>>> print(open('work.txt').read())   # compact mmCIF, C-alpha atoms and all ligand atoms
# COMPACT_ATOMS: atom_id res chain seq x y z
CA MET T 1 3.34 24.16 -17.56
CA PRO T 2 -0.29 23.33 -16.76
CA LYS T 3 -0.76 21.86 -13.31
CA MET T 4 -3.05 19.26 -11.75
CA ARG T 5 -4.06 18.29 -8.24
CA ALA T 6 -2.80 14.92 -7.05
CA VAL T 7 -2.54 12.97 -3.83
CA GLN T 8 0.88 11.38 -3.36
CA VAL T 9 2.92 9.46 -0.81
CA SER T 10 6.49 10.81 -0.40
CA ARG T 11 8.04 8.03 1.68
CA PRO T 12 7.14 4.61 3.10
CA GLN T 13 4.47 5.03 5.79
CA GLY T 14 4.24 8.73 4.91
CA PRO T 15 0.92 10.60 4.79
CA LEU T 16 -1.30 11.02 1.73
CA GLU T 17 -0.49 14.59 0.67
CA LEU T 18 -2.51 16.81 -1.65
CA VAL T 19 0.01 18.42 -4.02
CA GLU T 20 0.21 20.33 -7.29
CA ARG T 21 2.04 18.51 -10.04
CA GLU T 22 2.69 19.13 -13.71
CA ILE T 23 0.19 17.34 -15.91
CA PRO T 24 2.13 14.36 -17.34
CA GLU T 25 2.66 14.03 -21.11
CA PRO T 26 1.92 10.63 -22.71
CA GLY T 27 5.08 9.06 -24.16
CA PRO T 28 5.21 6.50 -26.98
CA GLY T 29 2.74 3.64 -26.50
CA THR T 30 0.82 5.37 -23.71
CA VAL T 31 -2.38 7.36 -23.28
CA ARG T 32 -3.26 10.14 -20.84
CA ILE T 33 -6.50 9.71 -18.92
CA LYS T 34 -8.42 12.62 -17.41
CA VAL T 35 -9.44 10.84 -14.22
CA GLN T 36 -13.05 11.13 -13.06
CA SER T 37 -13.09 8.56 -10.23
CA CYS T 38 -10.56 6.30 -8.54
CA GLY T 39 -11.36 3.55 -6.08
CA ILE T 40 -9.35 3.05 -2.90
CA CYS T 41 -8.34 -0.60 -2.59
CA HIS T 42 -6.75 -2.41 0.34
CA SER T 43 -3.78 -3.13 -1.97
CA ASP T 44 -3.01 0.61 -1.94
CA THR T 45 -1.27 -0.21 1.35
CA TYR T 46 1.63 -1.48 -0.81
CA THR T 47 2.19 2.13 -1.85
CA LYS T 48 1.21 3.86 1.38
CA GLU T 49 3.29 1.60 3.62
CA GLY T 50 6.18 0.93 1.24
CA LEU T 51 5.50 -2.81 1.21
CA PHE T 52 6.17 -3.39 -2.50
CA PRO T 53 9.78 -4.41 -3.28
CA GLY T 54 11.65 -1.62 -5.08
CA ILE T 55 8.81 0.93 -4.98
CA GLN T 56 10.05 4.49 -5.58
CA TYR T 57 8.76 7.76 -4.16
CA PRO T 58 7.01 10.10 -4.46
CA ARG T 59 4.25 7.86 -5.80
CA ILE T 60 0.58 8.55 -6.58
CA PRO T 61 -1.47 5.46 -5.55
CA GLY T 62 -4.63 4.19 -7.21
CA HIS T 63 -5.39 1.23 -9.48
CA GLU T 64 -9.18 1.52 -9.86
CA VAL T 65 -9.15 4.39 -12.33
CA ALA T 66 -12.08 5.55 -14.46
CA GLY T 67 -11.99 8.55 -16.79
CA VAL T 68 -11.69 9.77 -20.35
CA ILE T 69 -8.67 9.61 -22.66
CA ASP T 70 -7.58 13.18 -23.41
CA ALA T 71 -4.22 12.67 -25.18
CA VAL T 72 -2.62 9.76 -27.06
CA GLY T 73 1.14 9.12 -27.36
CA ALA T 74 3.05 8.15 -30.51
CA GLY T 75 2.48 4.70 -31.94
CA VAL T 76 -0.80 3.98 -30.12
CA ASN T 77 -3.43 2.13 -32.15
CA GLY T 78 -7.07 1.68 -31.24
CA TRP T 79 -7.46 4.57 -28.79
CA THR T 80 -8.47 8.18 -29.45
CA ALA T 81 -9.07 11.23 -27.29
CA GLY T 82 -12.61 11.38 -25.95
CA GLN T 83 -13.02 7.64 -25.33
CA ARG T 84 -14.06 6.53 -21.83
CA ALA T 85 -11.29 4.39 -20.35
CA GLY T 86 -10.14 2.77 -17.14
CA VAL T 87 -7.06 1.09 -15.68
CA GLY T 88 -6.79 -1.62 -13.04
CA TRP T 89 -3.99 -3.38 -11.16
CA HIS T 90 -2.47 -4.95 -14.29
CA GLY T 91 -0.50 -1.99 -15.62
CA GLY T 92 0.97 -3.40 -18.82
CA GLN T 93 3.18 -6.13 -20.26
CA CYS T 94 6.27 -6.40 -22.45
CA GLY T 95 4.89 -8.68 -25.15
CA TYR T 96 8.21 -10.49 -25.74
CA CYS T 97 9.02 -12.52 -22.59
CA ASP T 98 8.22 -16.24 -22.46
CA ALA T 99 5.11 -15.68 -20.31
CA CYS T 100 3.74 -13.07 -22.72
CA ARG T 101 4.55 -15.26 -25.72
CA HIS T 102 2.61 -18.11 -24.08
CA GLY T 103 -0.37 -15.77 -23.79
CA ASN T 104 0.06 -15.35 -20.04
CA THR T 105 0.49 -11.61 -20.17
CA PHE T 106 -0.90 -11.27 -16.64
CA ALA T 107 2.33 -12.87 -15.42
CA CYS T 108 4.74 -10.88 -17.63
CA LEU T 109 8.26 -11.69 -16.46
CA THR T 110 10.29 -8.74 -17.63
CA ALA T 111 8.27 -5.57 -17.31
CA THR T 112 5.76 -6.15 -14.57
CA ARG T 113 3.97 -2.83 -14.41
CA ILE T 114 1.45 -2.16 -11.67
CA THR T 115 -0.72 0.92 -11.69
CA GLY T 116 -0.12 3.18 -8.71
CA ILE T 117 2.91 1.14 -7.61
CA THR T 118 5.54 0.99 -10.35
CA TYR T 119 4.11 4.14 -11.96
CA ASP T 120 1.75 6.88 -10.84
CA GLY T 121 -1.91 5.91 -10.47
CA GLY T 122 -5.31 7.49 -10.23
CA TYR T 123 -5.40 9.60 -7.05
CA ALA T 124 -4.95 12.56 -9.42
CA GLU T 125 -6.72 14.61 -12.05
CA TYR T 126 -4.60 13.02 -14.82
CA MET T 127 -2.52 9.90 -15.24
CA VAL T 128 -0.59 8.20 -18.03
CA ALA T 129 -0.96 4.46 -18.70
CA PRO T 130 0.43 2.01 -21.28
CA ALA T 131 -2.18 1.60 -24.01
CA GLU T 132 -2.39 -2.18 -23.52
CA ALA T 133 -3.40 -1.66 -19.87
CA VAL T 134 -6.50 0.35 -20.73
CA ALA T 135 -10.08 -0.96 -20.72
CA GLN T 136 -12.96 0.72 -22.53
CA ILE T 137 -15.80 1.82 -20.25
CA PRO T 138 -19.26 1.28 -21.78
CA GLU T 139 -22.13 3.74 -21.67
CA GLY T 140 -24.52 3.08 -18.82
CA LEU T 141 -21.87 2.90 -16.11
CA SER T 142 -20.98 6.00 -14.08
CA PRO T 143 -17.27 6.67 -13.40
CA SER T 144 -17.74 5.96 -9.68
CA ASP T 145 -19.49 2.66 -10.43
CA ALA T 146 -16.87 1.68 -13.02
CA ALA T 147 -13.84 2.37 -10.80
CA PRO T 148 -14.18 -0.45 -8.22
CA LEU T 149 -15.09 -2.89 -10.98
CA LEU T 150 -11.55 -2.43 -12.38
CA CYS T 151 -10.06 -4.29 -9.39
CA ALA T 152 -12.61 -5.78 -7.00
CA GLY T 153 -15.03 -6.37 -9.88
CA VAL T 154 -12.72 -8.01 -12.37
CA THR T 155 -11.15 -10.16 -9.64
CA THR T 156 -14.46 -11.71 -8.57
CA PHE T 157 -16.03 -11.84 -12.05
CA ASN T 158 -12.97 -13.41 -13.62
CA ALA T 159 -12.33 -15.94 -10.84
CA LEU T 160 -15.95 -17.11 -11.03
CA ARG T 161 -16.01 -17.46 -14.80
CA ASN T 162 -12.78 -19.48 -14.65
CA GLY T 163 -13.76 -21.62 -11.66
CA GLY T 164 -15.22 -24.51 -13.64
CA ALA T 165 -18.88 -24.21 -12.54
CA ARG T 166 -21.61 -24.26 -15.17
CA PRO T 167 -24.97 -22.48 -15.05
CA GLY T 168 -27.28 -24.12 -12.54
CA GLU T 169 -24.46 -25.54 -10.42
CA VAL T 170 -23.67 -24.49 -6.87
CA ALA T 171 -21.29 -21.59 -6.35
CA ALA T 172 -20.44 -20.49 -2.81
CA VAL T 173 -19.11 -17.05 -1.99
CA LEU T 174 -17.21 -16.88 1.30
CA GLY T 175 -17.32 -13.39 2.82
CA ILE T 176 -19.59 -10.42 2.21
CA GLY T 177 -17.32 -7.40 1.99
CA GLY T 178 -15.67 -5.31 -0.69
CA LEU T 179 -15.06 -8.40 -2.82
CA GLY T 180 -17.87 -10.65 -1.64
CA HIS T 181 -20.75 -8.23 -2.26
CA LEU T 182 -19.68 -8.17 -5.91
CA GLY T 183 -18.90 -11.90 -5.98
CA ILE T 184 -22.47 -12.76 -4.93
CA GLN T 185 -23.94 -10.56 -7.67
CA TYR T 186 -21.65 -11.98 -10.37
CA ALA T 187 -22.30 -15.57 -9.27
CA VAL T 188 -26.06 -14.99 -9.50
CA LYS T 189 -25.81 -13.30 -12.89
CA GLN T 190 -23.48 -15.97 -14.24
CA GLY T 191 -26.29 -18.42 -13.56
CA PHE T 192 -25.10 -20.28 -10.48
CA ARG T 193 -27.14 -21.44 -7.48
CA THR T 194 -25.40 -18.94 -5.29
CA ILE T 195 -24.78 -19.62 -1.62
CA ALA T 196 -23.40 -16.79 0.50
CA ILE T 197 -21.34 -17.70 3.57
CA ALA T 198 -20.51 -15.22 6.33
CA ARG T 199 -20.39 -14.77 10.09
CA GLY T 200 -23.62 -13.71 11.78
CA GLN T 201 -27.30 -13.61 10.98
CA ASP T 202 -27.23 -9.85 10.32
CA LYS T 203 -25.63 -10.36 6.89
CA GLU T 204 -28.38 -12.64 5.55
CA ALA T 205 -30.73 -9.86 4.45
CA LEU T 206 -28.02 -8.15 2.42
CA ALA T 207 -26.91 -11.46 0.89
CA ARG T 208 -30.45 -12.17 -0.26
CA GLN T 209 -30.89 -8.60 -1.51
CA LEU T 210 -27.76 -9.15 -3.66
CA GLY T 211 -29.46 -12.23 -5.11
CA ALA T 212 -28.10 -15.10 -3.02
CA TRP T 213 -30.27 -18.21 -3.21
CA HIS T 214 -29.21 -19.48 0.22
CA TYR T 215 -27.27 -18.16 3.21
CA ILE T 216 -24.99 -20.01 5.66
CA ASP T 217 -24.14 -18.40 9.00
CA THR T 218 -20.77 -19.78 10.14
CA GLN T 219 -21.46 -18.73 13.72
CA THR T 220 -24.23 -21.27 14.11
CA GLN T 221 -23.66 -23.69 11.21
CA ASP T 222 -20.86 -25.85 9.83
CA PRO T 223 -20.44 -24.40 6.32
CA ALA T 224 -18.88 -27.57 4.88
CA ALA T 225 -21.74 -29.78 6.09
CA GLU T 226 -24.33 -27.27 4.91
CA LEU T 227 -22.80 -27.13 1.40
CA GLN T 228 -22.82 -30.94 1.23
CA LYS T 229 -26.60 -30.87 1.74
CA PHE T 230 -26.75 -29.36 -1.76
CA GLY T 231 -24.29 -31.88 -3.22
CA GLY T 232 -21.24 -29.74 -2.56
CA ALA T 233 -20.07 -26.60 -4.31
CA LYS T 234 -18.66 -26.73 -7.81
CA VAL T 235 -16.81 -23.53 -7.04
CA ILE T 236 -16.10 -21.70 -3.80
CA LEU T 237 -14.96 -18.10 -4.16
CA ALA T 238 -12.89 -17.37 -1.04
CA THR T 239 -12.82 -13.60 -0.60
CA VAL T 240 -11.84 -13.50 3.08
CA THR T 241 -8.32 -13.05 4.49
CA ASN T 242 -8.66 -15.57 7.29
CA ALA T 243 -7.12 -19.04 6.88
CA GLY T 244 -9.40 -20.61 9.48
CA ALA T 245 -12.52 -19.39 7.69
CA MET T 246 -11.17 -20.77 4.39
CA GLN T 247 -10.26 -24.16 5.88
CA ALA T 248 -13.75 -24.48 7.39
CA VAL T 249 -15.39 -24.48 3.94
CA ILE T 250 -12.99 -26.66 1.91
CA GLY T 251 -14.95 -29.71 3.05
CA GLY T 252 -17.95 -28.22 1.24
CA LEU T 253 -16.44 -28.79 -2.20
CA GLY T 254 -18.32 -31.16 -4.48
CA ILE T 255 -16.88 -33.65 -6.96
CA ASN T 256 -14.47 -31.85 -9.30
CA GLY T 257 -15.00 -28.73 -7.24
CA THR T 258 -12.54 -25.88 -7.11
CA MET T 259 -11.89 -23.37 -4.37
CA MET T 260 -10.74 -20.11 -5.94
CA LEU T 261 -8.56 -18.08 -3.60
CA ILE T 262 -8.65 -14.34 -4.15
CA GLY T 263 -8.00 -13.33 -0.54
CA ALA T 264 -4.36 -13.66 0.55
CA VAL T 265 -3.35 -15.48 3.71
CA ASP T 266 0.16 -16.52 4.76
CA SER T 267 -0.53 -20.25 4.68
CA LEU T 268 -3.44 -22.61 4.37
CA ALA T 269 -3.90 -26.26 5.41
CA VAL T 270 -5.68 -28.45 2.85
CA PRO T 271 -6.97 -32.06 3.23
CA PRO T 272 -5.12 -34.04 0.52
CA LEU T 273 -7.20 -37.22 0.88
CA GLN T 274 -10.44 -35.31 0.36
CA LEU T 275 -8.97 -33.43 -2.63
CA LEU T 276 -7.67 -36.52 -4.40
CA ARG T 277 -10.79 -38.62 -3.77
CA GLY T 278 -13.05 -35.86 -5.09
CA ARG T 279 -10.58 -34.68 -7.78
CA GLN T 280 -10.87 -31.25 -6.22
CA SER T 281 -8.53 -28.30 -6.31
CA VAL T 282 -7.58 -25.21 -4.40
CA LYS T 283 -6.42 -22.58 -6.82
CA GLY T 284 -5.18 -19.01 -6.65
CA TRP T 285 -6.57 -16.45 -9.03
CA TYR T 286 -5.03 -13.24 -10.24
CA SER T 287 -7.49 -10.45 -11.03
CA GLY T 288 -7.17 -10.03 -14.79
CA THR T 289 -5.79 -8.03 -17.68
CA SER T 290 -7.37 -5.05 -19.43
CA ILE T 291 -9.59 -7.17 -21.67
CA ASP T 292 -10.85 -9.07 -18.61
CA SER T 293 -11.68 -5.69 -17.07
CA GLN T 294 -13.52 -4.67 -20.22
CA ASP T 295 -15.51 -7.92 -20.15
CA THR T 296 -16.36 -7.23 -16.49
CA LEU T 297 -17.60 -3.71 -17.24
CA ASN T 298 -19.70 -4.85 -20.20
CA PHE T 299 -21.17 -7.76 -18.22
CA SER T 300 -22.04 -5.40 -15.37
CA VAL T 301 -23.98 -3.10 -17.71
CA LEU T 302 -25.70 -6.10 -19.29
CA THR T 303 -26.82 -7.63 -16.00
CA GLY T 304 -27.10 -4.66 -13.62
CA VAL T 305 -24.24 -5.58 -11.28
CA ARG T 306 -23.05 -2.51 -9.37
CA PRO T 307 -20.67 -1.92 -6.47
CA MET T 308 -21.93 -0.34 -3.24
CA ASN T 309 -19.75 2.74 -2.74
CA GLU T 310 -18.93 5.49 -0.27
CA VAL T 311 -17.75 8.47 -2.32
CA PHE T 312 -15.29 11.18 -1.19
CA PRO T 313 -13.77 14.15 -3.06
CA LEU T 314 -10.05 13.84 -3.92
CA GLU T 315 -8.94 16.33 -1.25
CA ARG T 316 -10.43 14.10 1.47
CA ALA T 317 -8.26 11.14 0.38
CA PRO T 318 -6.64 10.63 3.84
CA GLU T 319 -10.07 10.35 5.49
CA ALA T 320 -11.30 8.10 2.68
CA TYR T 321 -8.23 5.87 3.00
CA ASP T 322 -8.74 5.56 6.78
CA ARG T 323 -12.36 4.66 6.14
CA MET T 324 -11.28 1.84 3.81
CA MET T 325 -8.69 0.63 6.34
CA SER T 326 -11.26 0.64 9.16
CA GLY T 327 -13.06 -2.23 7.45
CA LYS T 328 -16.36 -0.46 8.15
CA ALA T 329 -16.99 0.96 4.67
CA ARG T 330 -19.99 -0.49 2.87
CA PHE T 331 -18.32 -1.58 0.72
CA ARG T 332 -15.92 0.23 -1.64
CA VAL T 333 -14.49 3.70 -1.09
CA VAL T 334 -14.17 5.89 -4.19
CA LEU T 335 -12.52 9.28 -4.81
CA THR T 336 -14.04 11.69 -7.31
CA MET T 337 -12.07 14.44 -9.06
ZN ZN V 1 -7.07 -3.58 -5.86
ZN ZN V 2 6.27 -10.03 -20.80
>>> encode(input="work.txt", output="structure tokens", more="lines below")
Ligand SMILES: [Zn+2]
Ligand SMILES: [Zn+2]
Amino acid sequence: MPKMRAVQVSRPQGPLELVEREIPEPGPGTVRIKVQSCGICHSDTYTKEGLFPGIQYPRIPGHEVAGVIDAVGAGVNGWTAGQRAGVGWHGGQCGYCDACRHGNTFACLTATRITGITYDGGYAEYMVAPAEAVAQIPEGLSPSDAAPLLCAGVTTFNALRNGGARPGEVAAVLGIGGLGHLGIQYAVKQGFRTIAIARGQDKEALARQLGAWHYIDTQTQDPAAELQKFGGAKVILATVTNAGAMQAVIGGLGINGTMMLIGAVDSLAVPPLQLLRGRQSVKGWYSGTSIDSQDTLNFSVLTGVRPMNEVFPLERAPEAYDRMMSGKARFRVVLTM
């Protein structure tokens, strides 16, 4: 049997191990992707640390996968060998549960499949994915640029385009990190007056380089009051994982404004009187399905949005993972095969 190199986790909290595995065969309804690049996302901790309920080992992590389809299983329509393709967090859906039948395939009730968690992901030279989980990668985007857009990219792009703001209105992006540096670019390119919010004056230059129209430093300014000087934000994209930082900007929402939460915190206090008087909302947003990813990739080529990456070869995955966990990477960490 032909072999491939892969990086797997054998037990909860176990190390990332470089191993040789048989190249998987695509079963019915699936395609095999020859992986070129795979991003390392903070959510890979679910696999590394055994945090996901029911996860089985050994497991190959990775849900920011970019490559080329090299084999197609029985019954697959619309995909052929040689096509560029990627997979993100959303790893497939059943098509017959109530959520799927309502068109909410992202929330499939019966067969929730997550790339790199419920089946093997992209820290490998090959992986197999359900055909409906695959996004086409357009020309003009390198594999290492495409990979982070399949999780961090689609999450920010899709939350912003569903946040209710229209071109010309104020969008605020809270946090300039792995998500925020993409969120600022997408907000600018989607036509919003984009205000970046972060701690410290040192981040202003980068925010403006990414296209931000205005910058608010939460160390010296009250972000809610500052946003109100511009009439309040129609959408706030909250990319941070700090409840206090989120609560400090809610007061910056404008009339009919929405705060889109894409960073997870345990709990969050909201001001009901402010929300009801301004008809405002605080809303969670799931990243997106494969067609949302495809839209993200196409939009990125169209408008020049790119992630800022630190790239490592597959065999240095443990070092690359530690770099991501350190919080010091600027801004996404990507493995190349
Ligand atoms: Zn992710
Ligand atoms: Zn379903």
>>> residues_around(input="work.txt", residues="range 171-178 of chain T", least_positions_apart="6", cutoff="7 Å", atoms="all atoms listed in the file", output="list in words")
Ile184, Ala187, Phe192, Arg193, Thr194, Ile195, Ala196, Ile197, Ala198, Ala233, Lys234, Val235, Ile236, Leu237, Ala238, Thr239, Val240, Phe331 and Arg332 of chain T
>>> write_last_selection(input="work.txt", atoms="C-alpha atoms", output="PDB file, keeping the file's coordinate frame")
ATOM      1  CA  ILE T 184     -22.470 -12.760  -4.930  1.00  0.00           C
ATOM      2  CA  ALA T 187     -22.300 -15.570  -9.270  1.00  0.00           C
ATOM      3  CA  PHE T 192     -25.100 -20.280 -10.480  1.00  0.00           C
ATOM      4  CA  ARG T 193     -27.140 -21.440  -7.480  1.00  0.00           C
ATOM      5  CA  THR T 194     -25.400 -18.940  -5.290  1.00  0.00           C
ATOM      6  CA  ILE T 195     -24.780 -19.620  -1.620  1.00  0.00           C
ATOM      7  CA  ALA T 196     -23.400 -16.790   0.500  1.00  0.00           C
ATOM      8  CA  ILE T 197     -21.340 -17.700   3.570  1.00  0.00           C
ATOM      9  CA  ALA T 198     -20.510 -15.220   6.330  1.00  0.00           C
ATOM     10  CA  ALA T 233     -20.070 -26.600  -4.310  1.00  0.00           C
ATOM     11  CA  LYS T 234     -18.660 -26.730  -7.810  1.00  0.00           C
ATOM     12  CA  VAL T 235     -16.810 -23.530  -7.040  1.00  0.00           C
ATOM     13  CA  ILE T 236     -16.100 -21.700  -3.800  1.00  0.00           C
ATOM     14  CA  LEU T 237     -14.960 -18.100  -4.160  1.00  0.00           C
ATOM     15  CA  ALA T 238     -12.890 -17.370  -1.040  1.00  0.00           C
ATOM     16  CA  THR T 239     -12.820 -13.600  -0.600  1.00  0.00           C
ATOM     17  CA  VAL T 240     -11.840 -13.500   3.080  1.00  0.00           C
ATOM     18  CA  PHE T 331     -18.320  -1.580   0.720  1.00  0.00           C
ATOM     19  CA  ARG T 332     -15.920   0.230  -1.640  1.00  0.00           C
TER      20      ARG T 332
END
>>> residues_near_ligand(input="work.txt", ligand="ligand ZN 2 (chain V)", cutoff="7 Å", atoms="all atoms listed in the file", output="list in words")
Gln93, Cys94, Gly95, Tyr96, Cys97, Asp98, Ala99, Cys100, Thr105, Cys108, Leu109, Thr110 and Ala111 of chain T
>>> write_last_selection(input="work.txt", atoms="C-alpha atoms", output="compact mmCIF listing (two decimals), keeping the file's coordinate frame")
# COMPACT_ATOMS: atom_id res chain seq x y z
CA GLN T 93 3.18 -6.13 -20.26
CA CYS T 94 6.27 -6.40 -22.45
CA GLY T 95 4.89 -8.68 -25.15
CA TYR T 96 8.21 -10.49 -25.74
CA CYS T 97 9.02 -12.52 -22.59
CA ASP T 98 8.22 -16.24 -22.46
CA ALA T 99 5.11 -15.68 -20.31
CA CYS T 100 3.74 -13.07 -22.72
CA THR T 105 0.49 -11.61 -20.17
CA CYS T 108 4.74 -10.88 -17.63
CA LEU T 109 8.26 -11.69 -16.46
CA THR T 110 10.29 -8.74 -17.63
CA ALA T 111 8.27 -5.57 -17.31
>>> residues_around(input="work.txt", residues="Ala264 in chain T", least_positions_apart="5", cutoff="12 Å", atoms="all atoms listed in the file", output="PDB file with C-alpha atoms, in the frame of the given file")
ATOM      1  CA  HIS T  42      -6.750  -2.410   0.340  1.00  0.00           C
ATOM      2  CA  SER T  43      -3.780  -3.130  -1.970  1.00  0.00           C
ATOM      3  CA  ALA T 238     -12.890 -17.370  -1.040  1.00  0.00           C
ATOM      4  CA  THR T 239     -12.820 -13.600  -0.600  1.00  0.00           C
ATOM      5  CA  VAL T 240     -11.840 -13.500   3.080  1.00  0.00           C
ATOM      6  CA  THR T 241      -8.320 -13.050   4.490  1.00  0.00           C
ATOM      7  CA  ASN T 242      -8.660 -15.570   7.290  1.00  0.00           C
ATOM      8  CA  ALA T 243      -7.120 -19.040   6.880  1.00  0.00           C
ATOM      9  CA  MET T 246     -11.170 -20.770   4.390  1.00  0.00           C
ATOM     10  CA  LYS T 283      -6.420 -22.580  -6.820  1.00  0.00           C
ATOM     11  CA  GLY T 284      -5.180 -19.010  -6.650  1.00  0.00           C
ATOM     12  CA  TRP T 285      -6.570 -16.450  -9.030  1.00  0.00           C
ATOM     13  CA  TYR T 286      -5.030 -13.240 -10.240  1.00  0.00           C
TER      14      TYR T 286
END
>>> atom_distance(input="work.txt", atom1="CA of Gln190 in chain T", atom2="CA of Ile262 in chain T")
18.0 Å
>>> closest_atom_pairs(input="work.txt", of="chain T", to="ligand ZN 1 (chain V)", cutoff="9 Å", atoms="all atoms listed in the file", output="tab-separated table")
residue	atom	partner	partner_atom	distance
T:Gly39	CA	V:ZN1	ZN	8.3
T:Ile40	CA	V:ZN1	ZN	7.6
T:Cys41	CA	V:ZN1	ZN	4.6
T:His42	CA	V:ZN1	ZN	6.3
T:Ser43	CA	V:ZN1	ZN	5.1
T:Asp44	CA	V:ZN1	ZN	7.0
T:Gly62	CA	V:ZN1	ZN	8.3
T:His63	CA	V:ZN1	ZN	6.3
T:Glu64	CA	V:ZN1	ZN	6.8
T:Gly88	CA	V:ZN1	ZN	7.4
T:Trp89	CA	V:ZN1	ZN	6.1
T:Pro148	CA	V:ZN1	ZN	8.1
T:Leu150	CA	V:ZN1	ZN	8.0
T:Cys151	CA	V:ZN1	ZN	4.7
T:Ala152	CA	V:ZN1	ZN	6.1
T:Thr155	CA	V:ZN1	ZN	8.6
T:Ser287	CA	V:ZN1	ZN	8.6
>>> closest_residue(input="work.txt", among="T:Pro53, T:Gly92, T:Pro130, T:Gly86", to="Gly29 in chain T", atoms="only C-alpha atoms")
T:Pro130
>>> atom_distance(input="work.txt", atom1="CA of Met259 in chain T", atom2="CA of Val282 in chain T")
4.7 Å
>>> closest_residue(input="work.txt", among="T:Gly183, T:Pro313, T:Gly153, T:Gly211", to="Asn298 in chain T", atoms="only C-alpha atoms")
T:Gly153
>>> atom_distance(input="work.txt", atom1="CA of His102 in chain T", atom2="CA of Ser290 in chain T")
17.1 Å
>>> closest_residue(input="work.txt", among="T:Gly244, T:Gly78, T:Gly232, T:Gly54", to="Leu268 in chain T", atoms="all atoms listed in the file")
T:Gly244
>>> closest_residue(input="work.txt", among="T:Leu160, T:Val7, T:Val249, T:Leu179", to="Arg306 in chain T", atoms="all atoms listed in the file")
T:Leu179
>>> closest_residue(input="work.txt", among="T:Pro58, T:Glu132, T:Thr112, T:Asn77", to="Ile291 in chain T", atoms="only C-alpha atoms")
T:Glu132
>>> residues_around(input="work.txt", residues="His90 in chain T", least_positions_apart="5", cutoff="7 Å", atoms="only C-alpha atoms", output="PyMOL selection string")
chain T and resi 106+113-115+133+288-289
>>> decode(input="work.txt", residues="range 317-328 of chain T", atoms="N, CA, C and O atoms", output="tab-separated table (two decimals), in the first residue's frame")
chain	number	residue	atom	x	y	z
T	317	ALA	N	5.52	20.52	12.71
T	317	ALA	CA	4.18	20.81	13.24
T	317	ALA	C	4.18	21.10	14.75
T	317	ALA	O	3.48	22.03	15.19
T	318	PRO	N	4.92	20.35	15.58
T	318	PRO	CA	4.87	20.66	17.03
T	318	PRO	C	5.33	22.09	17.33
T	318	PRO	O	4.72	22.80	18.13
T	319	GLU	N	6.42	22.50	16.67
T	319	GLU	CA	6.94	23.86	16.86
T	319	GLU	C	5.93	24.89	16.34
T	319	GLU	O	5.68	25.94	16.97
T	320	ALA	N	5.32	24.58	15.20
T	320	ALA	CA	4.34	25.50	14.61
T	320	ALA	C	3.11	25.63	15.51
T	320	ALA	O	2.58	26.73	15.70
T	321	TYR	N	2.69	24.49	16.08
T	321	TYR	CA	1.53	24.50	16.98
T	321	TYR	C	1.84	25.35	18.22
T	321	TYR	O	1.01	26.17	18.66
T	322	ASP	N	3.04	25.16	18.79
T	322	ASP	CA	3.43	25.95	19.97
T	322	ASP	C	3.46	27.45	19.64
T	322	ASP	O	3.10	28.29	20.46
T	323	ARG	N	3.91	27.74	18.43
T	323	ARG	CA	3.95	29.14	18.00
T	323	ARG	C	2.54	29.73	17.96
T	323	ARG	O	2.31	30.85	18.42
T	324	MET	N	1.59	28.96	17.41
T	324	MET	CA	0.19	29.42	17.40
T	324	MET	C	-0.29	29.62	18.83
T	324	MET	O	-0.89	30.65	19.17
T	325	MET	N	-0.02	28.64	19.71
T	325	MET	CA	-0.52	28.72	21.09
T	325	MET	C	0.11	29.88	21.87
T	325	MET	O	-0.50	30.37	22.81
T	326	SER	N	1.31	30.27	21.49
T	326	SER	CA	2.00	31.36	22.21
T	326	SER	C	1.27	32.69	22.06
T	326	SER	O	1.47	33.61	22.85
T	327	GLY	N	0.42	32.79	21.03
T	327	GLY	CA	-0.28	34.05	20.79
T	327	GLY	C	0.61	35.11	20.16
T	327	GLY	O	0.19	36.24	19.96
T	328	LYS	N	1.86	34.73	19.82
T	328	LYS	CA	2.80	35.71	19.28
T	328	LYS	C	2.89	35.67	17.77
T	328	LYS	O	3.55	36.52	17.16
